[in-house]
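Engineer: Structure file final.cif, mmCIF, C-alpha atoms, is pasted below:
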```cif
data_data
loop_
_atom_site.group_PDB
_atom_site.id
_atom_site.type_symbol
_atom_site.label_atom_id
_atom_site.label_comp_id
_atom_site.auth_asym_id
_atom_site.auth_seq_id
_atom_site.Cartn_x
_atom_site.Cartn_y
_atom_site.Cartn_z
ATOM 1 C CA MET G 1 13.815 65.330 -31.760
ATOM 2 C CA PHE G 2 15.474 64.472 -28.483
ATOM 3 C CA SER G 3 17.608 61.382 -28.420
ATOM 4 C CA LEU G 4 20.481 60.103 -26.288
ATOM 5 C CA LEU G 5 22.763 60.511 -29.277
ATOM 6 C CA SER G 6 21.832 64.154 -29.814
ATOM 7 C CA ALA G 7 22.374 64.794 -26.098
ATOM 8 C CA CYS G 8 25.847 63.255 -26.448
ATOM 9 C CA GLN G 9 26.531 65.404 -29.496
ATOM 10 C CA TRP G 10 25.471 68.528 -27.648
ATOM 11 C CA LEU G 11 27.670 67.594 -24.655
ATOM 12 C CA GLU G 12 30.660 66.982 -26.885
ATOM 13 C CA GLY G 13 30.403 70.508 -28.264
ATOM 14 C CA THR G 14 30.402 72.234 -24.879
ATOM 15 C CA GLU G 15 33.478 74.232 -23.853
ATOM 16 C CA TRP G 16 33.658 72.081 -20.749
ATOM 17 C CA SER G 17 34.036 68.855 -22.707
ATOM 18 C CA ILE G 18 36.577 70.337 -25.088
ATOM 19 C CA ALA G 19 38.633 71.824 -22.233
ATOM 20 C CA ILE G 20 39.045 68.454 -20.445
ATOM 21 C CA HIS G 21 39.600 66.662 -23.726
ATOM 22 C CA GLU G 22 42.374 68.990 -24.789
ATOM 23 C CA SER G 23 44.142 69.309 -21.463
ATOM 24 C CA GLN G 24 47.211 67.160 -21.179
ATOM 25 C CA TRP G 25 46.947 66.337 -17.508
ATOM 26 C CA VAL G 26 43.281 66.787 -16.508
ATOM 27 C CA TYR G 27 42.118 63.598 -18.212
ATOM 28 C CA PRO G 28 44.845 61.357 -16.688
ATOM 29 C CA ALA G 29 44.286 62.992 -13.296
ATOM 30 C CA ILE G 30 40.538 62.228 -13.378
ATOM 31 C CA GLU G 31 41.286 58.734 -14.621
ATOM 32 C CA SER G 32 43.660 58.162 -11.678
ATOM 33 C CA ILE G 33 40.924 59.242 -9.267
ATOM 34 C CA HIS G 34 38.513 56.873 -11.034
ATOM 35 C CA VAL G 35 40.956 53.963 -10.686
ATOM 36 C CA LEU G 36 41.890 54.703 -7.052
ATOM 37 C CA GLY G 37 38.215 55.216 -6.176
ATOM 38 C CA LEU G 38 37.762 51.679 -7.465
ATOM 39 C CA CYS G 39 39.726 50.324 -4.467
ATOM 40 C CA LEU G 40 37.374 52.026 -2.058
ATOM 41 C CA PHE G 41 34.167 51.225 -3.882
ATOM 42 C CA VAL G 42 34.838 47.765 -5.343
ATOM 43 C CA GLY G 43 36.993 46.631 -2.406
ATOM 44 C CA PHE G 44 34.390 47.526 0.208
ATOM 45 C CA THR G 45 31.569 46.140 -1.933
ATOM 46 C CA LEU G 46 33.558 42.900 -2.178
ATOM 47 C CA VAL G 47 33.837 42.600 1.606
ATOM 48 C CA MET G 48 30.128 43.362 2.052
ATOM 49 C CA ASP G 49 29.179 40.839 -0.642
ATOM 50 C CA LEU G 50 31.394 38.181 0.947
ATOM 51 C CA ARG G 51 29.525 38.750 4.208
ATOM 52 C CA LEU G 52 26.162 38.550 2.394
ATOM 53 C CA VAL G 53 27.183 35.312 0.721
ATOM 54 C CA GLY G 54 28.429 34.063 4.097
ATOM 55 C CA VAL G 55 32.075 33.320 3.357
ATOM 56 C CA ALA G 56 33.699 36.095 5.429
ATOM 57 C CA LEU G 57 33.090 37.892 8.743
ATOM 58 C CA ARG G 58 30.456 35.336 9.694
ATOM 59 C CA ARG G 59 30.824 36.166 13.368
ATOM 60 C CA ALA G 60 29.794 39.796 12.817
ATOM 61 C CA PRO G 61 26.042 40.504 12.532
ATOM 62 C CA LEU G 62 25.083 40.976 8.886
ATOM 63 C CA LEU G 63 23.034 44.147 9.395
ATOM 64 C CA LYS G 64 25.831 45.765 11.427
ATOM 65 C CA VAL G 65 28.376 45.021 8.677
ATOM 66 C CA VAL G 66 26.020 46.479 6.064
ATOM 67 C CA ALA G 67 25.333 49.570 8.184
ATOM 68 C CA GLN G 68 29.017 50.278 8.860
ATOM 69 C CA LEU G 69 30.222 49.695 5.302
ATOM 70 C CA ALA G 70 27.321 51.377 3.463
ATOM 71 C CA PRO G 71 28.448 55.011 4.013
ATOM 72 C CA TRP G 72 31.932 54.236 2.628
ATOM 73 C CA ILE G 73 30.504 52.359 -0.325
ATOM 74 C CA ARG G 74 28.132 55.236 -1.019
ATOM 75 C CA GLY G 75 31.016 57.732 -0.776
ATOM 76 C CA GLY G 76 33.126 55.570 -3.072
ATOM 77 C CA PHE G 77 30.246 55.379 -5.528
ATOM 78 C CA VAL G 78 29.951 59.177 -5.637
ATOM 79 C CA VAL G 79 33.699 59.408 -6.435
ATOM 80 C CA MET G 80 33.294 56.815 -9.204
ATOM 81 C CA LEU G 81 30.152 58.429 -10.597
ATOM 82 C CA VAL G 82 31.503 61.988 -10.660
ATOM 83 C CA SER G 83 34.911 61.034 -12.101
ATOM 84 C CA GLY G 84 33.230 58.608 -14.512
ATOM 85 C CA ALA G 85 30.766 61.271 -15.692
ATOM 86 C CA LEU G 86 33.670 63.687 -16.271
ATOM 87 C CA LEU G 87 35.552 61.076 -18.319
ATOM 88 C CA PHE G 88 32.362 60.351 -20.263
ATOM 89 C CA SER G 89 31.793 64.039 -20.971
ATOM 90 C CA THR G 90 35.099 64.340 -22.854
ATOM 91 C CA THR G 91 34.063 62.090 -25.758
ATOM 92 C CA PRO G 92 30.380 61.181 -25.188
ATOM 93 C CA VAL G 93 29.632 60.263 -28.812
ATOM 94 C CA LYS G 94 32.473 57.740 -28.852
ATOM 95 C CA PHE G 95 31.297 56.239 -25.551
ATOM 96 C CA TYR G 96 27.717 56.098 -26.750
ATOM 97 C CA GLY G 97 28.660 53.906 -29.710
ATOM 98 C CA ASN G 98 31.090 51.685 -27.771
ATOM 99 C CA VAL G 99 29.716 48.202 -27.120
ATOM 100 C CA PHE G 100 31.718 47.818 -23.880
ATOM 101 C CA PHE G 101 30.320 51.099 -22.593
ATOM 102 C CA GLN G 102 26.784 49.956 -23.454
ATOM 103 C CA ALA G 103 27.347 46.668 -21.599
ATOM 104 C CA LYS G 104 28.761 48.581 -18.642
ATOM 105 C CA ALA G 105 25.740 50.915 -18.530
ATOM 106 C CA VAL G 106 23.300 47.978 -18.549
ATOM 107 C CA MET G 107 25.210 46.133 -15.804
ATOM 108 C CA LEU G 108 25.350 49.334 -13.720
ATOM 109 C CA LEU G 109 21.575 49.617 -13.893
ATOM 110 C CA LEU G 110 21.202 45.954 -12.919
ATOM 111 C CA ALA G 111 23.668 46.314 -10.016
ATOM 112 C CA GLY G 112 21.812 49.425 -8.807
ATOM 113 C CA THR G 113 18.485 47.594 -8.943
ATOM 114 C CA ASN G 114 19.968 44.629 -7.079
ATOM 115 C CA ALA G 115 21.324 46.861 -4.299
ATOM 116 C CA TRP G 116 18.058 48.783 -4.077
ATOM 117 C CA LEU G 117 15.997 45.594 -3.782
ATOM 118 C CA PHE G 118 18.298 44.227 -1.084
ATOM 119 C CA HIS G 119 18.238 47.412 0.997
ATOM 120 C CA ARG G 120 14.460 47.652 0.638
ATOM 121 C CA ARG G 121 14.075 44.081 1.871
ATOM 122 C CA ALA G 122 16.523 44.739 4.736
ATOM 123 C CA ALA G 123 14.459 47.760 5.776
ATOM 124 C CA HIS G 124 11.259 45.671 6.026
ATOM 125 C CA LEU G 125 12.281 42.709 8.134
ATOM 126 C CA THR G 126 9.792 40.809 10.244
ATOM 127 C CA ASP G 127 10.506 40.557 13.969
ATOM 128 C CA ALA G 128 11.582 36.943 13.558
ATOM 129 C CA GLU G 129 14.039 37.852 10.778
ATOM 130 C CA ARG G 130 15.443 40.720 12.809
ATOM 131 C CA ALA G 131 15.903 38.498 15.854
ATOM 132 C CA ASP G 132 17.615 35.976 13.613
ATOM 133 C CA GLY G 133 19.856 38.661 12.090
ATOM 134 C CA THR G 134 19.297 37.454 8.533
ATOM 135 C CA VAL G 135 17.940 39.082 5.403
ATOM 136 C CA PRO G 136 16.127 36.712 3.022
ATOM 137 C CA GLY G 137 17.862 36.653 -0.342
ATOM 138 C CA ALA G 138 21.136 38.065 1.045
ATOM 139 C CA ARG G 139 23.173 35.223 -0.439
ATOM 140 C CA LEU G 140 21.633 35.725 -3.886
ATOM 141 C CA ALA G 141 22.003 39.525 -3.749
ATOM 142 C CA GLY G 142 25.683 39.151 -2.783
ATOM 143 C CA THR G 143 26.370 36.686 -5.591
ATOM 144 C CA ILE G 144 24.643 38.847 -8.216
ATOM 145 C CA SER G 145 26.596 41.871 -7.003
ATOM 146 C CA LEU G 146 29.960 40.036 -7.204
ATOM 147 C CA VAL G 147 29.246 38.868 -10.760
ATOM 148 C CA LEU G 148 27.976 42.254 -11.970
ATOM 149 C CA TRP G 149 30.821 44.326 -10.497
ATOM 150 C CA THR G 150 33.410 41.967 -11.982
ATOM 151 C CA GLY G 151 31.661 42.491 -15.322
ATOM 152 C CA ILE G 152 31.521 46.257 -14.842
ATOM 153 C CA VAL G 153 35.255 46.560 -14.071
ATOM 154 C CA THR G 154 36.068 44.308 -17.033
ATOM 155 C CA SER G 155 33.886 46.184 -19.515
ATOM 156 C CA GLY G 156 35.117 49.482 -18.064
ATOM 157 C CA ARG G 157 38.699 48.552 -18.856
ATOM 158 C CA MET G 158 37.681 47.388 -22.327
ATOM 159 C CA VAL G 159 35.946 50.705 -23.139
ATOM 160 C CA ALA G 160 39.415 51.943 -24.110
ATOM 161 C CA TYR G 161 39.403 49.509 -27.020
ATOM 162 C CA ASN G 162 37.081 49.775 -30.001
ATOM 163 C CA TRP G 163 37.205 46.254 -31.338
ATOM 164 C CA PHE G 164 33.612 45.981 -32.438
ATOM 165 C CA ASN G 165 33.073 49.405 -33.939
ATOM 166 C CA MET F 1 74.140 48.978 -17.524
ATOM 167 C CA PRO F 2 73.309 45.575 -16.052
ATOM 168 C CA PHE F 3 69.579 46.476 -15.856
ATOM 169 C CA LEU F 4 69.376 47.414 -19.511
ATOM 170 C CA THR F 5 70.835 44.066 -20.573
ATOM 171 C CA PHE F 6 68.315 42.287 -18.369
ATOM 172 C CA PHE F 7 65.413 44.356 -19.718
ATOM 173 C CA GLN F 8 66.510 43.578 -23.288
ATOM 174 C CA TRP F 9 66.578 39.903 -22.439
ATOM 175 C CA CYS F 10 63.031 40.224 -20.948
ATOM 176 C CA SER F 11 61.846 41.902 -24.106
ATOM 177 C CA ASN F 12 63.018 38.939 -26.172
ATOM 178 C CA THR F 13 61.377 36.256 -24.033
ATOM 179 C CA VAL F 14 58.683 34.159 -25.707
ATOM 180 C CA VAL F 15 56.034 35.432 -23.241
ATOM 181 C CA GLY F 16 56.926 39.057 -23.899
ATOM 182 C CA THR F 17 56.859 38.592 -27.653
ATOM 183 C CA VAL F 18 53.548 36.706 -27.669
ATOM 184 C CA ILE F 19 51.802 39.402 -25.573
ATOM 185 C CA ARG F 20 53.297 42.213 -27.650
ATOM 186 C CA ASP F 21 52.165 40.643 -30.917
ATOM 187 C CA SER F 22 48.625 39.893 -29.762
ATOM 188 C CA THR F 23 45.778 42.421 -30.043
ATOM 189 C CA TRP F 24 43.730 41.140 -27.138
ATOM 190 C CA LEU F 25 46.233 39.651 -24.639
ATOM 191 C CA PHE F 26 47.450 42.996 -23.282
ATOM 192 C CA PRO F 27 43.912 44.350 -22.582
ATOM 193 C CA VAL F 28 42.861 41.039 -21.004
ATOM 194 C CA ILE F 29 45.921 40.951 -18.716
ATOM 195 C CA GLU F 30 45.318 44.627 -17.898
ATOM 196 C CA THR F 31 41.779 43.722 -16.850
ATOM 197 C CA PHE F 32 43.103 41.097 -14.427
ATOM 198 C CA HIS F 33 45.589 43.688 -13.152
ATOM 199 C CA LEU F 34 42.688 46.087 -12.497
ATOM 200 C CA LEU F 35 40.496 43.442 -10.815
ATOM 201 C CA GLY F 36 43.489 42.488 -8.662
ATOM 202 C CA LEU F 37 43.840 46.172 -7.769
ATOM 203 C CA GLY F 38 40.227 46.325 -6.605
ATOM 204 C CA VAL F 39 40.659 43.274 -4.365
ATOM 205 C CA LEU F 40 44.149 44.080 -3.042
ATOM 206 C CA GLY F 41 43.602 47.834 -2.661
ATOM 207 C CA GLY F 42 40.162 47.353 -1.125
ATOM 208 C CA THR F 43 41.223 44.775 1.460
ATOM 209 C CA ILE F 44 44.252 46.865 2.469
ATOM 210 C CA LEU F 45 42.172 50.035 2.667
ATOM 211 C CA ILE F 46 39.402 48.473 4.751
ATOM 212 C CA VAL F 47 41.932 47.246 7.343
ATOM 213 C CA ASP F 48 43.860 50.555 7.320
ATOM 214 C CA LEU F 49 40.621 52.458 7.896
ATOM 215 C CA ARG F 50 39.732 50.113 10.740
ATOM 216 C CA LEU F 51 43.178 50.639 12.294
ATOM 217 C CA ALA F 52 42.575 54.392 12.151
ATOM 218 C CA GLY F 53 39.202 53.853 13.865
ATOM 219 C CA PHE F 54 36.830 54.114 10.916
ATOM 220 C CA GLY F 55 34.561 51.854 8.908
ATOM 221 C CA LEU F 56 33.871 48.344 10.118
ATOM 222 C CA ARG F 57 34.211 49.113 13.830
ATOM 223 C CA ARG F 58 32.048 46.148 14.810
ATOM 224 C CA VAL F 59 34.969 43.838 13.985
ATOM 225 C CA PRO F 60 38.355 44.174 15.786
ATOM 226 C CA ALA F 61 41.204 45.074 13.387
ATOM 227 C CA PRO F 62 43.166 41.796 13.880
ATOM 228 C CA GLU F 63 40.044 39.727 13.161
ATOM 229 C CA LEU F 64 39.171 41.825 10.102
ATOM 230 C CA ALA F 65 42.742 41.445 8.846
ATOM 231 C CA ARG F 66 42.554 37.658 9.310
ATOM 232 C CA GLU F 67 39.188 37.440 7.554
ATOM 233 C CA VAL F 68 40.338 39.329 4.456
ATOM 234 C CA ASN F 69 43.923 37.996 4.482
ATOM 235 C CA GLY F 70 43.253 35.269 1.895
ATOM 236 C CA TRP F 71 41.648 37.800 -0.454
ATOM 237 C CA MET F 72 44.489 40.241 0.044
ATOM 238 C CA LEU F 73 47.086 37.569 -0.796
ATOM 239 C CA GLY F 74 44.989 36.361 -3.741
ATOM 240 C CA GLY F 75 44.668 39.930 -5.056
ATOM 241 C CA LEU F 76 48.411 40.406 -4.585
ATOM 242 C CA ALA F 77 49.184 37.203 -6.508
ATOM 243 C CA VAL F 78 46.907 38.239 -9.405
ATOM 244 C CA ILE F 79 48.299 41.767 -9.572
ATOM 245 C CA LEU F 80 51.949 40.617 -9.354
ATOM 246 C CA VAL F 81 51.614 37.900 -12.015
ATOM 247 C CA SER F 82 49.625 40.142 -14.383
ATOM 248 C CA GLY F 83 52.041 43.001 -13.670
ATOM 249 C CA VAL F 84 55.070 40.891 -14.579
ATOM 250 C CA LEU F 85 53.323 39.799 -17.799
ATOM 251 C CA LEU F 86 52.515 43.416 -18.728
ATOM 252 C CA PHE F 87 56.118 44.351 -17.990
ATOM 253 C CA LEU F 88 57.522 41.539 -20.154
ATOM 254 C CA SER F 89 55.584 42.891 -23.136
ATOM 255 C CA GLU F 90 57.245 46.307 -22.976
ATOM 256 C CA PRO F 91 60.337 46.294 -20.726
ATOM 257 C CA LEU F 92 62.291 48.801 -22.818
ATOM 258 C CA LYS F 93 59.443 51.314 -22.619
ATOM 259 C CA CYS F 94 59.446 50.813 -18.835
ATOM 260 C CA TYR F 95 63.212 51.244 -18.637
ATOM 261 C CA ASP F 96 62.986 54.831 -19.872
ATOM 262 C CA ASN F 97 59.889 55.600 -17.808
ATOM 263 C CA ALA F 98 60.476 57.451 -14.521
ATOM 264 C CA PHE F 99 57.060 56.413 -13.196
ATOM 265 C CA PHE F 100 57.991 52.755 -13.619
ATOM 266 C CA TRP F 101 61.002 53.132 -11.323
ATOM 267 C CA ILE F 102 59.006 55.157 -8.789
ATOM 268 C CA LYS F 103 56.386 52.426 -8.842
ATOM 269 C CA ILE F 104 58.893 49.599 -8.311
ATOM 270 C CA GLY F 105 60.527 51.571 -5.481
ATOM 271 C CA SER F 106 57.249 52.290 -3.692
ATOM 272 C CA LEU F 107 56.046 48.721 -4.312
ATOM 273 C CA LEU F 108 59.108 47.261 -2.572
ATOM 274 C CA LEU F 109 58.648 49.677 0.338
ATOM 275 C CA ALA F 110 54.920 48.957 0.557
ATOM 276 C CA LEU F 111 55.452 45.178 0.500
ATOM 277 C CA ALA F 112 58.205 45.356 3.108
ATOM 278 C CA PHE F 113 56.075 47.542 5.375
ATOM 279 C CA THR F 114 52.932 45.408 4.936
ATOM 280 C CA PHE F 115 54.639 42.120 5.789
ATOM 281 C CA THR F 116 56.745 43.400 8.691
ATOM 282 C CA VAL F 117 55.462 46.403 10.681
ATOM 283 C CA ARG F 118 51.809 46.257 9.632
ATOM 284 C CA ARG F 119 51.566 42.496 10.052
ATOM 285 C CA SER F 120 53.177 42.643 13.483
ATOM 286 C CA ILE F 121 50.807 45.393 14.695
ATOM 287 C CA LEU F 122 47.803 43.418 13.402
ATOM 288 C CA GLY F 123 49.068 40.261 15.095
ATOM 289 C CA ARG F 124 49.260 41.826 18.541
ATOM 290 C CA GLU F 125 46.481 41.898 21.097
ATOM 291 C CA PRO F 126 44.581 45.194 20.569
ATOM 292 C CA HIS F 127 45.281 46.438 24.101
ATOM 293 C CA LEU F 128 49.038 46.159 23.509
ATOM 294 C CA VAL F 129 48.898 48.689 20.671
ATOM 295 C CA THR F 130 48.322 52.402 21.216
ATOM 296 C CA ALA F 131 45.851 54.343 19.088
ATOM 297 C CA ARG F 132 48.716 56.471 17.838
ATOM 298 C CA GLN F 133 50.691 53.445 16.628
ATOM 299 C CA ARG F 134 47.627 52.119 14.848
ATOM 300 C CA THR F 135 46.957 55.421 13.077
ATOM 301 C CA LEU F 136 50.603 55.791 12.112
ATOM 302 C CA VAL F 137 50.662 52.313 10.573
ATOM 303 C CA ALA F 138 47.383 52.976 8.743
ATOM 304 C CA VAL F 139 48.551 56.290 7.277
ATOM 305 C CA THR F 140 51.966 54.902 6.252
ATOM 306 C CA SER F 141 50.367 51.898 4.579
ATOM 307 C CA PHE F 142 47.865 54.112 2.759
ATOM 308 C CA VAL F 143 50.514 56.554 1.517
ATOM 309 C CA LEU F 144 52.844 53.783 0.296
ATOM 310 C CA TRP F 145 50.128 51.857 -1.581
ATOM 311 C CA ALA F 146 48.557 55.017 -3.004
ATOM 312 C CA GLY F 147 52.036 55.893 -4.298
ATOM 313 C CA VAL F 148 52.250 52.525 -6.066
ATOM 314 C CA GLY F 149 48.824 53.067 -7.635
ATOM 315 C CA ILE F 150 49.407 56.639 -8.772
ATOM 316 C CA ALA F 151 52.864 55.903 -10.185
ATOM 317 C CA GLY F 152 51.395 52.848 -11.928
ATOM 318 C CA ARG F 153 48.738 54.968 -13.592
ATOM 319 C CA GLY F 154 51.465 57.437 -14.512
ATOM 320 C CA ILE F 155 53.401 54.841 -16.543
ATOM 321 C CA ALA F 156 50.786 55.008 -19.297
ATOM 322 C CA PHE F 157 51.063 58.776 -19.608
ATOM 323 C CA TYR F 158 54.806 59.227 -19.630
#
```
What does the file become when written as structure tokens?

Structural biologist:
Amino acid sequence: MFSLLSACQWLEGTEWSIAIHESQWVYPAIESIHVLGLCLFVGFTLVMDLRLVGVALRRAPLLKVVAQLAPWIRGGFVVMLVSGALLFSTTPVKFYGNVFFQAKAVMLLLAGTNAWLFHRRAAHLTDAERADGTVPGARLAGTISLVLWTGIVTSGRMVAYNWFN
Amino acid sequence: MPFLTFFQWCSNTVVGTVIRDSTWLFPVIETFHLLGLGVLGGTILIVDLRLAGFGLRRVPAPELAREVNGWMLGGLAVILVSGVLLFLSEPLKCYDNAFFWIKIGSLLLALAFTFTVRRSILGREPHLVTARQRTLVAVTSFVLWAGVGIAGRGIAFY
């Protein structure tokens, strides 16, 4: 029967997984990319969220800020996702059972949903909203994003420790 | 070896001993160090990119730098304080670690550059700065800070 755990077990047995796991420098190299990608992704998300919440860059139109930062945030996310997936693939069974990893996965899904809802709303503005340059719910979306990404970085760091296993 | 004596003294400080003996203090301080990295690295990168002509082009570089300045300084404070605490818990390990010395060297260079050349370029009226100067400052800043980050990651793998 298919389960997430059996998928993790299969992945752990692949040559790919074993090769990264056993290499002395590949794992640290990917981890460095993951951590440096964090500056791009989290840093730019922070600035966008601060604009959504209304505490920074208030003189710049919200939709312009979103449009100009979005490609960099998306690029940063790809770096994080690819490097993160590679790190995961080295010891998937261990990750699967790690409570910090589980918390991180849930928060990632929530953050993705939050961003998706915001962008969907921003794509369907009424003429009045567009003239006003505001997106309803922007403040809430920005706050949720700030809280979730802080949680994701924190739980991501804690994945290295297995206190509750 | 004046440094070694100093590092030994650091190792015996109450703060260093308490962090070393605790299971959860080191990871928690590391987490603050990482969050500080996101804020500091991100706010530096966004301004460097803008100086080089990319990213948030709607906002002039000096204004962007002013807007994120408080966050940059806050991130710097968090990362410096947490960094010193992490160091105090294992100074003798750092002493023998080449990456630690590379990191301290690049950190001093990066700080000096950020608060002299980079700050002065960002404080000038945009039309008084050539595109080439802006790009040069952006690339130098990026290289110096990336060096700090990479060497910092390297400490754990020495």

Engineer: Please compute the atom CA of F:His33-atom CA of F:Ser82 distance, one decimal, in Å.

Structural biologist: 5.5 Å

Engineer: Any idea what's packed within 7 Å of stretch 27-41 of chain G, counting all atoms listed in the file, ignoring anything in its chain fewer than 2 positions away? Could you give it as number ranges by chain?

Structural biologist: G: 20-21, 23-25, 43-45, 73, 76-77, 79-80, 83-84; F: 37-38, 41-42, 150, 153

Engineer: Run through the PyMOL selection byres ((chain F and resi 138) around 7) on the given coordinates and return the selected residues as a list in words.

Structural biologist: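 Expected selection for the PyMOL selection byres ((chain F and resi 138) around 7) here is Asp48, Leu49, Leu51, Ala52, Arg134, Thr135, Leu136, Val137, Val139, Thr140, Ser141 and Phe142 of chain F.
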
Engineer: With C-alpha atoms retained, export the selected residues as a PDB file, in the frame of the given file.

Structural biologist:
```pdb
ATOM      1  CA  ASP F  48      43.860  50.555   7.320  1.00  0.00           C
ATOM      2  CA  LEU F  49      40.621  52.458   7.896  1.00  0.00           C
ATOM      3  CA  LEU F  51      43.178  50.639  12.294  1.00  0.00           C
ATOM      4  CA  ALA F  52      42.575  54.392  12.151  1.00  0.00           C
ATOM      5  CA  ARG F 134      47.627  52.119  14.848  1.00  0.00           C
ATOM      6  CA  THR F 135      46.957  55.421  13.077  1.00  0.00           C
ATOM      7  CA  LEU F 136      50.603  55.791  12.112  1.00  0.00           C
ATOM      8  CA  VAL F 137      50.662  52.313  10.573  1.00  0.00           C
ATOM      9  CA  VAL F 139      48.551  56.290   7.277  1.00  0.00           C
ATOM     10  CA  THR F 140      51.966  54.902   6.252  1.00  0.00           C
ATOM     11  CA  SER F 141      50.367  51.898   4.579  1.00  0.00           C
ATOM     12  CA  PHE F 142      47.865  54.112   2.759  1.00  0.00           C
TER      13      PHE F 142
END
```

Engineer: Tell me as a ChimeraX atom specification which residues belonging to chain F come within 9 Å of chain G, counting only C-alpha atoms.

Structural biologist: /F:27-28,30-32,34-35,37-46,54-59,63-64,67-68,146,149-150,153-154,157

Engineer: On this structure, the PyMOL selection byres ((chain F and resi 144) around 10) would catch which residues? List them as number ranges by chain, sorted by chain and number.

Structural biologist: F: 103, 105-111, 113-114, 139-143, 145-149

Engineer: For a quick check of understanding, using only C-alpha atoms, which of G:Val159, G:Leu146, G:Ala111, G:Val93 has the smallest distance to G:Ser6?

Structural biologist: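 Closest to G:Ser6, using only C-alpha atoms: G:Val93.
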
Engineer: Could you please determine the separation between atom CA of F:Ala65 and atom CA of F:Arg118 in Å, to one decimal place?

Structural biologist: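 Rounded to one decimal, the two atoms are 10.3 Å apart.
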
Engineer: Got a sec: who's within 9 Å of F:Ser89, counting only C-alpha atoms, leaving out chain neighbours fewer than 4 positions off, as a PyMOL selection string?

Structural biologist: chain F and resi 10-13+15-21+26+84-85

Engineer: Within 8 Å of F:Leu92, counting only C-alpha atoms, which residues show up once you throw out same-chain ones fewer than 4 positions away? Write them as a ChimeraX atom specification, please.

Structural biologist: /F:4,7-8,11,96

Engineer: With all atoms listed in the file as the basis for distance, which of F:Leu128, F:Cys94, F:Val47, F:Ala112 is at the shortest distance from F:Pro60?

Structural biologist: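 The shortest atom-to-atom distance to F:Pro60 comes from F:Val47.
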
Engineer: Suppose you want the space between atom CA of F:Thr130 and atom CA of F:Met72; what is it in Å?

Structural biologist: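 A separation of 24.7 Å between them.
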